[in-house]
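Engineer: Please read through the structure below; I'll follow up with questions.
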Amino acid sequence: MPDFSLITQYGDRFWDGTLITLKLVFLSSIIGLMIALPLALARSSKKRRYWIPAYSYIYFFRGTPLLIQLFILYYGLGQFPMITESFLWPVLGDAEWCGLIGLTLNTAAYTAEILRGGIRAIPRGEIEAAKAFGMSWGLMQRRIVLPRALRIAWPAYGNEVILLLKGSALVSTITVWDLMGETRSVFSRTYALEIFLYAAIIYFLLTFVLTRVFNLIEKRINRYLVCY
Amino acid sequence: MFEYLSYGDTGFGDELLAGTLLTLELALVSLAVGIFLGLITAAAKLSQNRFYRTLAHLYTEVVRGIPEMLVVLVVFFGASVLIQIVATWFDYNEYIEVNAFVAGVFALGLVFGAFSSEVFRGAFLAVPKGQLEAAVACGMSNWQVFHRIRLPQMWRFAIPGLGNLWMVLLKDTSLISIIALDELLRWSKVAAETSKQPFTFYIAAAAIYLFLTILSDLVRNYFEAKANRGIAPHA
């Protein structure tokens, strides 16, 4: 029989952890998107000095596990006195900051690749029309390319944010007290398996709500299209 | 800095290699288990039986909605509690530790199965209906239609999706270091702590993973080209 007294006893720790998880996912998805926009443009560029650095960044972050990226940031950077003694250390020596930076850099790479797909899927005629109107490159990106790409890529971007939410559990390994961190700590104290069940329910609800929110926004940003 | 990475007693090169091999072994065995689970789940989703369909969708939705790390922990600790309970039935009260490799394979296989079932289902439905009708018209039995027409063409549609899932699986093997399996990341951690060179070793682990990713990319391209032979390329 599940022991519900665990909920009353550790409920506030689950709540605190959930808030940290939400904060990390919210901030890293927004900052990640802001990094991903120029990154996707650079990746789609024909000029080598743009696409090669963007491609390398994306390949590294998509080709290695997030867990290792977090370890490099949090444990790895401490190897260099140049960093531990610099003004950056209050940020880079802090677990939560490292978690945020790691998640942001990681999701930026995936999001850039998703946006690139969106950019490539824009009908050619729309680009040609923008050029025919005499739009400069910057104006065209701002008014036509990026808004269109974001709309096309929106469902895939929603998936990425879900993956980000699930990936955020990994920050518990670098001592961040997110939902997973609290869960593991409570479990190691009680050895009650239902602790994992409660965590699973919370994560499941979060992904469920996020999916709905993304669907609503999708309807909203596409409402000018006839078929919607 | 590089003497730490050397092979033999002075460096951790041989440990990292052993860890890499275990990582690969873990990934490949999980892949086999995951494909098996994925095929069964896809069959259940496509079946006429409502109970099987509901069960399959429930499994996929639950696994997709919770973090992989949680799946790993639940399988590892859940299995040890279960075994403990079974053991007490037989009056065996010593502590039994679950093998981390087996738990890892099970957890990663469970995750892969949930995601790949959608890939298989999509591939199954992607085979053009006209071809199947033609096969029936030629007098083929259900089984003949399946293994002569549907199965060979399913792979063509499934390979890109499976390739992506393999990449995810490969990277997720690093999670098994949490339950103390001596795979690549675990050895890197040990080496980082003993040598006080965490950056060196985590970058080395990242480089090895990157190498495995590039290798997988090449293998996927080969399989994709092979599965698509005889198909006109898209304009």
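Naming scheme: A, B, ... for chains in displayed order of the structure tokens; residues 1 onward per chain; ligands 1 onward as shown.
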Please, which residues of chain A lie no more than 9 Å from chain B when the count uses only C-alpha atoms, and can they be set out as an NGL selection string?
Structural biologist: :A and (59-60 or 62-69 or 71-73 or 75-80 or 162-163 or 165-170 or 173 or 180 or 184 or 191 or 193 or 196-197 or 199-208)
Engineer: Could the residues in this selection be written to a file with C-alpha atoms, as a PDB file, in the first residue's frame?
Structural biologist:
```pdb
ATOM      1  CA  TYR A  59      27.661  18.951 -34.280  1.00  0.00           C
ATOM      2  CA  PHE A  60      29.490  19.038 -30.957  1.00  0.00           C
ATOM      3  CA  ARG A  62      24.249  17.197 -30.734  1.00  0.00           C
ATOM      4  CA  GLY A  63      26.966  14.564 -30.956  1.00  0.00           C
ATOM      5  CA  THR A  64      27.888  14.324 -27.275  1.00  0.00           C
ATOM      6  CA  PRO A  65      25.722  13.455 -24.254  1.00  0.00           C
ATOM      7  CA  LEU A  66      24.236  16.369 -22.294  1.00  0.00           C
ATOM      8  CA  LEU A  67      25.502  14.693 -19.137  1.00  0.00           C
ATOM      9  CA  ILE A  68      29.111  15.079 -20.290  1.00  0.00           C
ATOM     10  CA  GLN A  69      28.508  18.678 -21.362  1.00  0.00           C
ATOM     11  CA  PHE A  71      30.263  17.680 -16.302  1.00  0.00           C
ATOM     12  CA  ILE A  72      32.683  19.651 -18.474  1.00  0.00           C
ATOM     13  CA  LEU A  73      31.048  22.913 -17.423  1.00  0.00           C
ATOM     14  CA  TYR A  75      33.577  19.916 -12.842  1.00  0.00           C
ATOM     15  CA  GLY A  76      35.860  20.449 -15.830  1.00  0.00           C
ATOM     16  CA  LEU A  77      36.292  24.211 -15.822  1.00  0.00           C
ATOM     17  CA  GLY A  78      37.489  24.135 -12.205  1.00  0.00           C
ATOM     18  CA  GLN A  79      40.718  22.577 -13.483  1.00  0.00           C
ATOM     19  CA  PHE A  80      41.956  25.950 -14.706  1.00  0.00           C
ATOM     20  CA  ILE A 162       9.676  18.507 -24.096  1.00  0.00           C
ATOM     21  CA  LEU A 163      13.073  16.846 -24.568  1.00  0.00           C
ATOM     22  CA  LEU A 165      12.291  19.323 -19.835  1.00  0.00           C
ATOM     23  CA  LYS A 166      13.206  15.643 -19.620  1.00  0.00           C
ATOM     24  CA  GLY A 167      16.890  16.410 -20.103  1.00  0.00           C
ATOM     25  CA  SER A 168      16.773  18.972 -17.318  1.00  0.00           C
ATOM     26  CA  ALA A 169      16.616  16.042 -14.877  1.00  0.00           C
ATOM     27  CA  LEU A 170      20.319  15.542 -15.588  1.00  0.00           C
ATOM     28  CA  THR A 173      23.983  15.030 -11.208  1.00  0.00           C
ATOM     29  CA  MET A 180      15.036  15.022  -9.908  1.00  0.00           C
ATOM     30  CA  ARG A 184      16.866  11.269  -5.454  1.00  0.00           C
ATOM     31  CA  TYR A 191      14.150   3.953   0.169  1.00  0.00           C
ATOM     32  CA  LEU A 193       9.925   3.294  -4.412  1.00  0.00           C
ATOM     33  CA  PHE A 196       9.825   7.760  -8.057  1.00  0.00           C
ATOM     34  CA  LEU A 197       6.165   7.286  -8.899  1.00  0.00           C
ATOM     35  CA  ALA A 199       8.190  12.288  -9.493  1.00  0.00           C
ATOM     36  CA  ALA A 200       7.049  10.451 -12.638  1.00  0.00           C
ATOM     37  CA  ILE A 201       3.511  11.796 -12.205  1.00  0.00           C
ATOM     38  CA  ILE A 202       4.791  15.367 -11.828  1.00  0.00           C
ATOM     39  CA  TYR A 203       7.047  15.075 -14.894  1.00  0.00           C
ATOM     40  CA  PHE A 204       4.230  13.489 -16.846  1.00  0.00           C
ATOM     41  CA  LEU A 205       1.842  16.306 -15.936  1.00  0.00           C
ATOM     42  CA  LEU A 206       4.435  18.918 -16.882  1.00  0.00           C
ATOM     43  CA  THR A 207       5.014  17.370 -20.318  1.00  0.00           C
ATOM     44  CA  PHE A 208       1.259  16.975 -20.778  1.00  0.00           C
TER      45      PHE A 208
END
```
Engineer: Enter the distance from atom CA of Val102 of chain B to atom CA of Leu181 of chain B, in Å, rounded to one decimal.
Structural biologist: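 Straight-line distance from atom CA of Val102 of chain B to atom CA of Leu181 of chain B works out to 9.9 Å.
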Engineer: Using only C-alpha atoms, which residues sit within 10 Å of Phe26 of chain A once same-chain residues fewer than 3 positions away are excluded, as a list in words?
Structural biologist: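 After dropping sequence-adjacent residues, the list is Ile20, Thr21, Leu22, Lys23, Ser29, Ile30, Ile31, Gly32, Leu100, Val161, Leu164 and Leu165 of chain A.
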Engineer: Selection from above, C-alpha atoms, as an mmCIF file, in the first residue's frame, can you write it?
Structural biologist:
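Ended up saving to selection14.cif:
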```cif
data_model
loop_
_atom_site.group_PDB
_atom_site.id
_atom_site.type_symbol
_atom_site.label_atom_id
_atom_site.label_comp_id
_atom_site.auth_asym_id
_atom_site.auth_seq_id
_atom_site.Cartn_x
_atom_site.Cartn_y
_atom_site.Cartn_z
ATOM 1 C CA ILE A 20 13.588 24.956 -10.031
ATOM 2 C CA THR A 21 12.933 22.573 -12.935
ATOM 3 C CA LEU A 22 10.359 24.945 -14.419
ATOM 4 C CA LYS A 23 12.656 27.920 -13.973
ATOM 5 C CA SER A 29 14.341 27.499 -23.757
ATOM 6 C CA ILE A 30 13.987 31.266 -24.213
ATOM 7 C CA ILE A 31 17.710 32.092 -24.152
ATOM 8 C CA GLY A 32 18.370 28.988 -26.253
ATOM 9 C CA LEU A 100 21.268 26.727 -16.899
ATOM 10 C CA VAL A 161 11.173 21.770 -25.363
ATOM 11 C CA LEU A 164 14.654 19.790 -22.766
ATOM 12 C CA LEU A 165 12.291 19.323 -19.835
#
```
Engineer: If you count only C-alpha atoms, which residues fall within 12 Å of Leu37 of chain A, apart from same-chain ones fewer than 4 positions away, as a list of chain:residue names?
Structural biologist: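 The residues that qualify are A:Ile30, A:Ile31, A:Gly32, A:Leu33, A:Leu41, A:Ala42, A:Arg43, A:Ser44, A:Ala54, A:Thr107, A:Ala108, A:Ala109, A:Tyr110, A:Thr111, A:Ala112, A:Glu113, A:Ile114, A:Leu115, A:Arg116, A:Gly118, A:Ile119, A:Gln141, A:Arg142, A:Val145, A:Leu146, A:Pro147, A:Ala149, A:Leu150.
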Engineer: Mind writing the picked residues with C-alpha atoms as a PDB file, in the first residue's frame?
Structural biologist:
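Final output, result_6.pdb:
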```
ATOM      1  CA  ILE A  30      13.987  31.266 -24.213  1.00  0.00           C
ATOM      2  CA  ILE A  31      17.710  32.092 -24.152  1.00  0.00           C
ATOM      3  CA  GLY A  32      18.370  28.988 -26.253  1.00  0.00           C
ATOM      4  CA  LEU A  33      15.912  30.193 -28.875  1.00  0.00           C
ATOM      5  CA  LEU A  41      20.969  31.772 -40.131  1.00  0.00           C
ATOM      6  CA  ALA A  42      24.718  31.187 -39.969  1.00  0.00           C
ATOM      7  CA  ARG A  43      24.201  27.455 -40.559  1.00  0.00           C
ATOM      8  CA  SER A  44      22.033  28.169 -43.612  1.00  0.00           C
ATOM      9  CA  ALA A  54      27.849  27.140 -36.710  1.00  0.00           C
ATOM     10  CA  THR A 107      19.020  23.249 -26.650  1.00  0.00           C
ATOM     11  CA  ALA A 108      20.343  26.119 -28.806  1.00  0.00           C
ATOM     12  CA  ALA A 109      22.121  23.568 -31.008  1.00  0.00           C
ATOM     13  CA  TYR A 110      19.035  21.375 -31.436  1.00  0.00           C
ATOM     14  CA  THR A 111      16.749  24.367 -31.947  1.00  0.00           C
ATOM     15  CA  ALA A 112      19.078  25.858 -34.568  1.00  0.00           C
ATOM     16  CA  GLU A 113      18.870  22.622 -36.542  1.00  0.00           C
ATOM     17  CA  ILE A 114      15.067  22.640 -36.268  1.00  0.00           C
ATOM     18  CA  LEU A 115      14.905  26.275 -37.424  1.00  0.00           C
ATOM     19  CA  ARG A 116      17.213  25.489 -40.320  1.00  0.00           C
ATOM     20  CA  GLY A 118      12.021  25.562 -41.152  1.00  0.00           C
ATOM     21  CA  ILE A 119      14.060  28.022 -43.208  1.00  0.00           C
ATOM     22  CA  GLN A 141      15.036  37.834 -42.526  1.00  0.00           C
ATOM     23  CA  ARG A 142      13.102  39.817 -39.940  1.00  0.00           C
ATOM     24  CA  VAL A 145      12.217  34.296 -43.249  1.00  0.00           C
ATOM     25  CA  LEU A 146      12.342  34.041 -39.454  1.00  0.00           C
ATOM     26  CA  PRO A 147       8.593  34.426 -38.769  1.00  0.00           C
ATOM     27  CA  ALA A 149      10.519  29.468 -40.316  1.00  0.00           C
ATOM     28  CA  LEU A 150       9.341  29.662 -36.712  1.00  0.00           C
TER      29      LEU A 150
END
```
Engineer: From a backbone DSSP assignment, name each residue in segment 34-200 of chain B labelled alpha helix (DSSP H), as a ChimeraX atom specification.
Structural biologist: /B:34-46,50-65,68-89,100-126,129-137,142-144,151-172,184-195,198-200
Engineer: With a distance cut-off of 10 Å and only C-alpha atoms, select the neighbouring residues of segment 98-101 of chain B, excluding the residue or stretch itself and same-chain residues fewer than 4 positions from it, and output the selection as a CSV table (one decimal) with N, CA and C atoms, in the first residue's frame.
Structural biologist:
```csv
chain,number,residue,atom,x,y,z
B,22,LEU,N,32.5,-1.2,-23.4
B,22,LEU,CA,31.3,-1.6,-22.6
B,22,LEU,C,30.1,-0.7,-23.0
B,23,THR,N,30.4,0.6,-23.3
B,23,THR,CA,29.4,1.5,-23.8
B,23,THR,C,28.7,1.0,-25.1
B,25,GLU,N,28.8,-2.1,-26.2
B,25,GLU,CA,28.1,-3.3,-26.0
B,25,GLU,C,26.7,-3.0,-25.4
B,26,LEU,N,26.7,-2.1,-24.4
B,26,LEU,CA,25.4,-1.7,-23.8
B,26,LEU,C,24.5,-1.2,-24.8
B,29,VAL,N,23.2,-4.1,-27.3
B,29,VAL,CA,22.3,-5.0,-26.7
B,29,VAL,C,21.0,-4.3,-26.5
B,30,SER,N,21.0,-3.1,-26.0
B,30,SER,CA,19.8,-2.3,-25.8
B,30,SER,C,19.1,-2.1,-27.1
B,72,VAL,N,15.7,4.9,-15.8
B,72,VAL,CA,16.9,4.2,-15.3
B,72,VAL,C,16.8,3.9,-13.8
B,75,VAL,N,13.9,1.4,-12.9
B,75,VAL,CA,14.2,0.0,-13.3
B,75,VAL,C,15.3,-0.6,-12.3
B,76,PHE,N,16.3,0.2,-12.1
B,76,PHE,CA,17.4,-0.3,-11.2
B,76,PHE,C,16.9,-0.6,-9.8
B,77,PHE,N,16.3,0.4,-9.2
B,77,PHE,CA,15.9,0.2,-7.8
B,77,PHE,C,14.6,-0.6,-7.7
B,78,GLY,N,13.7,-0.5,-8.7
B,78,GLY,CA,12.5,-1.3,-8.7
B,78,GLY,C,12.8,-2.8,-8.8
B,79,ALA,N,13.8,-3.1,-9.7
B,79,ALA,CA,14.2,-4.5,-9.9
B,79,ALA,C,14.8,-5.0,-8.6
B,80,SER,N,15.6,-4.3,-7.9
B,80,SER,CA,16.2,-4.8,-6.7
B,80,SER,C,15.2,-5.0,-5.6
B,81,VAL,N,14.2,-4.1,-5.5
B,81,VAL,CA,13.1,-4.3,-4.5
B,81,VAL,C,12.3,-5.6,-4.9
B,83,ILE,N,13.2,-8.2,-6.7
B,83,ILE,CA,14.0,-9.4,-6.4
B,83,ILE,C,14.1,-9.7,-5.0
B,84,GLN,N,14.2,-8.7,-4.2
B,84,GLN,CA,14.2,-8.9,-2.7
B,84,GLN,C,13.0,-9.5,-2.2
B,105,VAL,N,20.3,-2.2,-19.8
B,105,VAL,CA,19.8,-2.7,-21.0
B,105,VAL,C,18.3,-2.6,-21.0
B,106,PHE,N,17.7,-3.0,-19.9
B,106,PHE,CA,16.3,-3.0,-19.7
B,106,PHE,C,15.7,-1.6,-19.8
B,107,ALA,N,16.3,-0.7,-19.1
B,107,ALA,CA,15.9,0.7,-19.1
B,107,ALA,C,16.0,1.3,-20.5
B,176,ILE,N,23.8,5.5,-17.7
B,176,ILE,CA,23.9,4.2,-16.9
B,176,ILE,C,25.1,4.4,-15.9
B,177,SER,N,26.0,5.4,-16.1
B,177,SER,CA,27.0,5.6,-15.2
B,177,SER,C,26.5,6.0,-13.8
B,178,ILE,N,25.2,6.5,-13.8
B,178,ILE,CA,24.6,6.9,-12.5
B,178,ILE,C,24.4,5.7,-11.6
B,179,ILE,N,24.1,4.5,-12.2
B,179,ILE,CA,23.9,3.3,-11.4
B,179,ILE,C,25.2,2.5,-11.4
B,180,ALA,N,26.3,3.2,-11.6
B,180,ALA,CA,27.7,2.7,-11.4
B,180,ALA,C,28.0,1.5,-12.3
B,181,LEU,N,27.6,1.6,-13.5
B,181,LEU,CA,28.2,0.6,-14.5
B,181,LEU,C,29.5,1.2,-15.0
B,182,ASP,N,30.5,0.4,-15.2
B,182,ASP,CA,31.8,0.9,-15.5
B,182,ASP,C,31.9,1.2,-17.0
B,183,GLU,N,31.0,2.0,-17.5
B,183,GLU,CA,31.1,2.4,-18.9
B,183,GLU,C,32.0,3.6,-19.1
```
Engineer: Report, in Å to a single decimal, how far apart atom CA of Thr211 of chain A and atom CA of Asn159 of chain A are.
Structural biologist: 8.1 Å
